[in-house]
Amino acid sequence: MFMKNNIALHWFKKDLRLADNPSLNYLSKNYEKIIGVYIYDDINSIPKIGSASRVWLNEALKYLDKQLNGNLIVLRGNPKEQLSKIIEWFDINEISWNRCYEPWMIKRDKDLKSFFNSNLKVSSFNGSLLWEPWEILKNDGTPYKVFTPFYKRGCLEAKEPRQPEYLEINFFNHNFKNTDVSDLNLLTKKKWEKKIIRNWNVGENYSTEIMNNFYKDGLNDYADGRNFPIKKNVSRLSPYIHWGQVSPNTLWYELKKNQNYKNNNLEVFRSELGWREFAYHLLYHFPYLKTKNLKSNFDKFQWLDDEKNLRKWTIGMTGIPMVDAGMRELWQTGYMHNRSRMIVGSFLVKNLLINWQKGEEWFWDCLFDADAASNSASWQWIAGTGTDSSPYFRIFNPVTQGQRFDPTGEYIKKYVPELKEMPIKFLFNPWECPENIFENINIKLGKDYPFPIVDLKESRERALFTYAKLRKDNNS
DNA sequence: CCTGGAGTTGTCCTA
DNA sequence: TTAGGACAACTCCAG
């Protein structure tokens, strides 16, 4: 017999939504009212939350608080103490949350569960993955390391993901001391914070709107159009997915309703959701994903410790327009198109020979969708240090990539405006532009836009050579 | 235990 | 202009 007219506590983590929220749904079936609590835990977190993420979180919590009619309790500190405080104040006997899979969160929440278990009922749910990482395993019981068999054999042949469930949630109109999102001091009052969030509407309802628009328009040419940074054929849902403002289950089943597409666009997008699952699968089974090469033979790789070039890469001043456009898109919008992520990643790791972990850290700080699983897995992929990853000799040529995927130069000109007047023939490779053309358009290389920090051809050969040396070193 | 096929996203050179 | 092969070798996975 459940106790109606009673209240229970839902702990919001990376599930900042009301729709299809398994923990909220569970509690609302058994309780009249729910108390929603968010705790900003800067004590246990490894690593600390990134700068862009703080900005997104700030907006997301403000929005969520509105959805709860101002009843969201926002706290800071160690969840053990903070939750205990609330539990005592409201005399709560049941608490629940949706699971997170970062190693430090698994550890923290496991401890919490056993800590609270003696006094109250504690439940946790899967609110952010289509399949639990421990459910998808090879026949021999070990985790997959390669995407295709993981997805096709593992996921698609496993049981169907949970159907989304949309319930009305009633929150308790409480008299606990008034807490405010601004108490968390997530913002530093710096100018860029206002600028970077300008192009985003951070809220659960916006994510639904974006999904619907994308499924209606962008998806139609997804398989091809997704390669072009300037086109509107990518969903841009990643930050919302990361923060749980939309559930993957909603995306999965809403996508299934679009049966009218004859091409494979639908399946390609669906497999991208599969890639997200794969990243979490890797993080769960290889918790050192962020700190260690999955291929340990790379531990001997001779990365260059080049702070100067790293700095130029981060600020988009490498002198390679396609690379700089990507880096500046990241800096200005908190997002970078997938094609650009590969180009700038390949450039950092292969042309500059800088350890992928430096790139991972920068992305972690700058991306609104910064995600421990996807970010680390993707950097290991581009660096060739993951088990299932880009072969080392696959080195992106940022000139060719620009010509192919930004043929009009619109993307470069948007983020590298100093090259606006460059004729398209030299937009991707201004260092090859004759002097008289520069004079006509009044641009001076080295002054208005930098010379390339490395020679693409030489640095490519250096990368291949360094890799060959690694093989030799590992064999001797 | 063995075997064979396969592995997100590319580039460059040559014929 | 274009198509095909080289670029490496290794590990993963399934039968």
# chains A, B, ... in the order shown; residues from 1 in each chain; ligands from 1
$ interface_residues --of "chain A" --to "chain C" --cutoff "8 Å" --atoms "only C-alpha atoms (C1' of nucleotides)" --output "list of chain:residue names"
A:Lys145, A:Val146, A:Pro149, A:Thr387, A:Phe393
$ interface_residues --of "chain B" --to "chain A" --cutoff "12 Å" --atoms "only C-alpha atoms (C1' of nucleotides)" --output "short mmCIF file (atom, residue, chain, number, x, y, z; two decimals) with C-alpha atoms (C1' of nucleotides), in the first residue's frame"
data_model
loop_
_atom_site.label_atom_id
_atom_site.label_comp_id
_atom_site.auth_asym_id
_atom_site.auth_seq_id
_atom_site.Cartn_x
_atom_site.Cartn_y
_atom_site.Cartn_z
"C1'" DA B 6 35.98 -6.42 -41.07
"C1'" DG B 7 36.86 -2.01 -39.00
"C1'" DT B 8 32.30 6.08 -39.29
"C1'" DT B 9 33.84 10.11 -41.31
"C1'" DG B 10 40.82 10.29 -45.72
"C1'" DT B 11 44.71 11.48 -48.72
"C1'" DC B 12 47.85 10.97 -52.24
#
$ select_by_dssp --residues "range 247-467 of chain A" --states "alpha helix (DSSP H)" --output "VMD selection string"
chain A and resid 248 to 256 265 to 285 307 to 314 321 to 333 338 to 346 356 to 366 372 to 383 398 to 405 410 to 415 424 to 427 435 to 441 456 to 467
$ residues_around --residues "range 357-362 of chain A" --least-positions-apart "6" --cutoff "10 Å" --atoms "only C-alpha atoms (C1' of nucleotides)" --output "PyMOL selection string"
chain A and resi 47+50+290-293+305+307+310+313-314+344-345+348-349+370+372+375-380+383
$ atom_distance --atom1 "CA of Asp91 in chain A" --atom2 "CA of Ile7 in chain A"
8.8 Å
$ decode --residues "range 18-167 of chain A" --atoms "C-alpha atoms" --output "short mmCIF file (atom, residue, chain, number, x, y, z; two decimals), in the first residue's frame"
data_model
loop_
_atom_site.label_atom_id
_atom_site.label_comp_id
_atom_site.auth_asym_id
_atom_site.auth_seq_id
_atom_site.Cartn_x
_atom_site.Cartn_y
_atom_site.Cartn_z
CA LEU A 18 9.76 16.84 -16.68
CA ALA A 19 8.78 14.83 -19.76
CA ASP A 20 9.70 11.16 -19.87
CA ASN A 21 11.63 11.34 -16.64
CA PRO A 22 11.57 7.82 -15.17
CA SER A 23 12.35 8.86 -11.63
CA LEU A 24 9.72 11.60 -11.61
CA ASN A 25 7.20 9.28 -13.22
CA TYR A 26 7.84 6.62 -10.64
CA LEU A 27 7.42 8.99 -7.71
CA SER A 28 4.34 10.66 -9.14
CA LYS A 29 2.58 7.31 -9.35
CA ASN A 30 3.07 6.77 -5.65
CA TYR A 31 3.02 10.21 -4.17
CA GLU A 32 0.77 13.19 -4.33
CA LYS A 33 3.55 15.76 -4.41
CA ILE A 34 7.20 15.77 -5.28
CA ILE A 35 10.05 17.94 -4.14
CA GLY A 36 12.68 18.64 -6.78
CA VAL A 37 16.23 19.28 -5.65
CA TYR A 38 19.31 20.17 -7.65
CA ILE A 39 22.71 20.04 -6.02
CA TYR A 40 25.72 21.71 -7.55
CA ASP A 41 28.43 19.32 -6.45
CA ASP A 42 31.81 20.94 -6.92
CA ILE A 43 33.30 18.81 -4.19
CA ASN A 44 33.27 15.32 -5.66
CA SER A 45 33.35 16.14 -9.36
CA ILE A 46 36.29 14.98 -11.46
CA PRO A 47 37.00 16.97 -13.50
CA LYS A 48 35.39 20.24 -12.49
CA ILE A 49 32.55 21.39 -14.68
CA GLY A 50 33.64 23.37 -17.76
CA SER A 51 33.12 27.11 -18.24
CA ALA A 52 30.54 26.79 -21.03
CA SER A 53 28.72 24.08 -19.13
CA ARG A 54 28.31 26.42 -16.17
CA VAL A 55 26.59 28.94 -18.41
CA TRP A 56 24.24 26.34 -19.84
CA LEU A 57 23.52 24.88 -16.43
CA ASN A 58 22.68 28.32 -15.09
CA GLU A 59 20.08 28.86 -17.81
CA ALA A 60 18.77 25.33 -17.59
CA LEU A 61 18.19 25.56 -13.85
CA LYS A 62 16.45 28.91 -14.16
CA TYR A 63 14.13 27.38 -16.74
CA LEU A 64 13.51 24.29 -14.65
CA ASP A 65 12.72 26.40 -11.62
CA LYS A 66 10.08 28.22 -13.65
CA GLN A 67 8.60 24.90 -14.71
CA LEU A 68 8.32 24.08 -11.01
CA ASN A 69 6.70 27.43 -10.23
CA GLY A 70 9.75 28.50 -8.30
CA ASN A 71 9.77 25.37 -6.18
CA LEU A 72 13.09 23.94 -7.33
CA ILE A 73 15.44 23.73 -4.38
CA VAL A 74 18.93 24.62 -5.50
CA LEU A 75 21.82 23.72 -3.25
CA ARG A 76 25.56 23.59 -3.39
CA GLY A 77 28.00 21.20 -1.79
CA ASN A 78 28.22 17.56 -0.88
CA PRO A 79 24.96 15.74 -1.76
CA LYS A 80 25.17 13.61 1.36
CA GLU A 81 24.82 16.61 3.64
CA GLN A 82 22.58 18.65 1.38
CA LEU A 83 20.09 15.86 0.79
CA SER A 84 20.10 14.92 4.46
CA LYS A 85 19.12 18.47 5.27
CA ILE A 86 16.11 18.35 2.95
CA ILE A 87 15.09 14.87 4.00
CA GLU A 88 15.01 15.92 7.60
CA TRP A 89 13.22 19.20 6.99
CA PHE A 90 10.37 17.59 5.05
CA ASP A 91 10.42 14.28 6.91
CA ILE A 92 10.81 12.40 3.67
CA ASN A 93 10.88 8.63 3.46
CA GLU A 94 11.49 8.07 -0.22
CA ILE A 95 14.04 9.54 -2.57
CA SER A 96 14.90 8.72 -6.15
CA TRP A 97 17.00 9.85 -9.10
CA ASN A 98 18.10 8.95 -12.60
CA ARG A 99 21.48 7.32 -12.94
CA CYS A 100 24.66 8.96 -14.20
CA TYR A 101 27.61 7.01 -15.52
CA GLU A 102 30.69 9.14 -14.96
CA PRO A 103 33.07 7.15 -12.75
CA TRP A 104 33.04 9.74 -9.96
CA MET A 105 29.24 9.87 -9.98
CA ILE A 106 28.89 6.11 -9.90
CA LYS A 107 31.11 6.01 -6.85
CA ARG A 108 29.42 8.94 -5.12
CA ASP A 109 25.89 7.70 -5.73
CA LYS A 110 26.68 4.16 -4.72
CA ASP A 111 27.96 5.47 -1.41
CA LEU A 112 24.89 7.66 -1.05
CA LYS A 113 22.54 4.80 -1.69
CA SER A 114 23.99 2.66 1.02
CA PHE A 115 24.14 5.66 3.33
CA PHE A 116 20.45 6.49 2.94
CA ASN A 117 19.20 2.95 2.56
CA SER A 118 18.98 2.30 6.27
CA ASN A 119 16.51 5.12 6.89
CA LEU A 120 14.51 5.50 3.72
CA LYS A 121 13.69 4.00 0.38
CA VAL A 122 16.13 4.90 -2.35
CA SER A 123 15.51 4.16 -6.03
CA SER A 124 17.42 4.93 -9.19
CA PHE A 125 16.37 4.73 -12.82
CA ASN A 126 17.74 4.82 -16.30
CA GLY A 127 16.80 8.21 -17.65
CA SER A 128 19.59 8.90 -20.08
CA LEU A 129 20.51 5.77 -22.03
CA LEU A 130 18.61 3.53 -24.43
CA TRP A 131 20.42 0.49 -23.11
CA GLU A 132 22.28 0.07 -19.85
CA PRO A 133 26.01 -0.39 -20.46
CA TRP A 134 26.02 -3.67 -18.57
CA GLU A 135 23.17 -5.07 -20.65
CA ILE A 136 24.96 -4.97 -23.99
CA LEU A 137 27.72 -7.54 -23.98
CA LYS A 138 29.23 -10.03 -26.37
CA ASN A 139 28.27 -13.68 -26.12
CA ASP A 140 31.32 -14.31 -24.00
CA GLY A 141 30.13 -11.70 -21.49
CA THR A 142 32.78 -9.10 -22.23
CA PRO A 143 32.07 -5.56 -23.51
CA TYR A 144 32.22 -4.62 -27.17
CA LYS A 145 35.12 -2.52 -28.35
CA VAL A 146 34.06 -1.96 -31.94
CA PHE A 147 31.07 0.17 -32.82
CA THR A 148 29.45 -1.75 -35.65
CA PRO A 149 29.00 -5.07 -33.85
CA PHE A 150 28.11 -3.18 -30.64
CA TYR A 151 25.33 -1.33 -32.40
CA LYS A 152 24.02 -3.86 -34.91
CA ARG A 153 24.47 -7.03 -32.98
CA GLY A 154 24.41 -5.66 -29.48
CA CYS A 155 21.87 -2.84 -29.44
CA LEU A 156 19.56 -3.47 -32.37
CA GLU A 157 19.15 -7.14 -31.53
CA ALA A 158 18.62 -6.48 -27.81
CA LYS A 159 15.26 -5.65 -26.35
CA GLU A 160 13.65 -2.45 -27.60
CA PRO A 161 14.48 0.66 -25.61
CA ARG A 162 12.03 1.79 -22.96
CA GLN A 163 8.98 3.56 -24.38
CA PRO A 164 8.79 7.19 -23.29
CA GLU A 165 6.11 8.01 -20.79
CA TYR A 166 4.62 11.46 -20.41
CA LEU A 167 2.92 12.15 -17.10
#
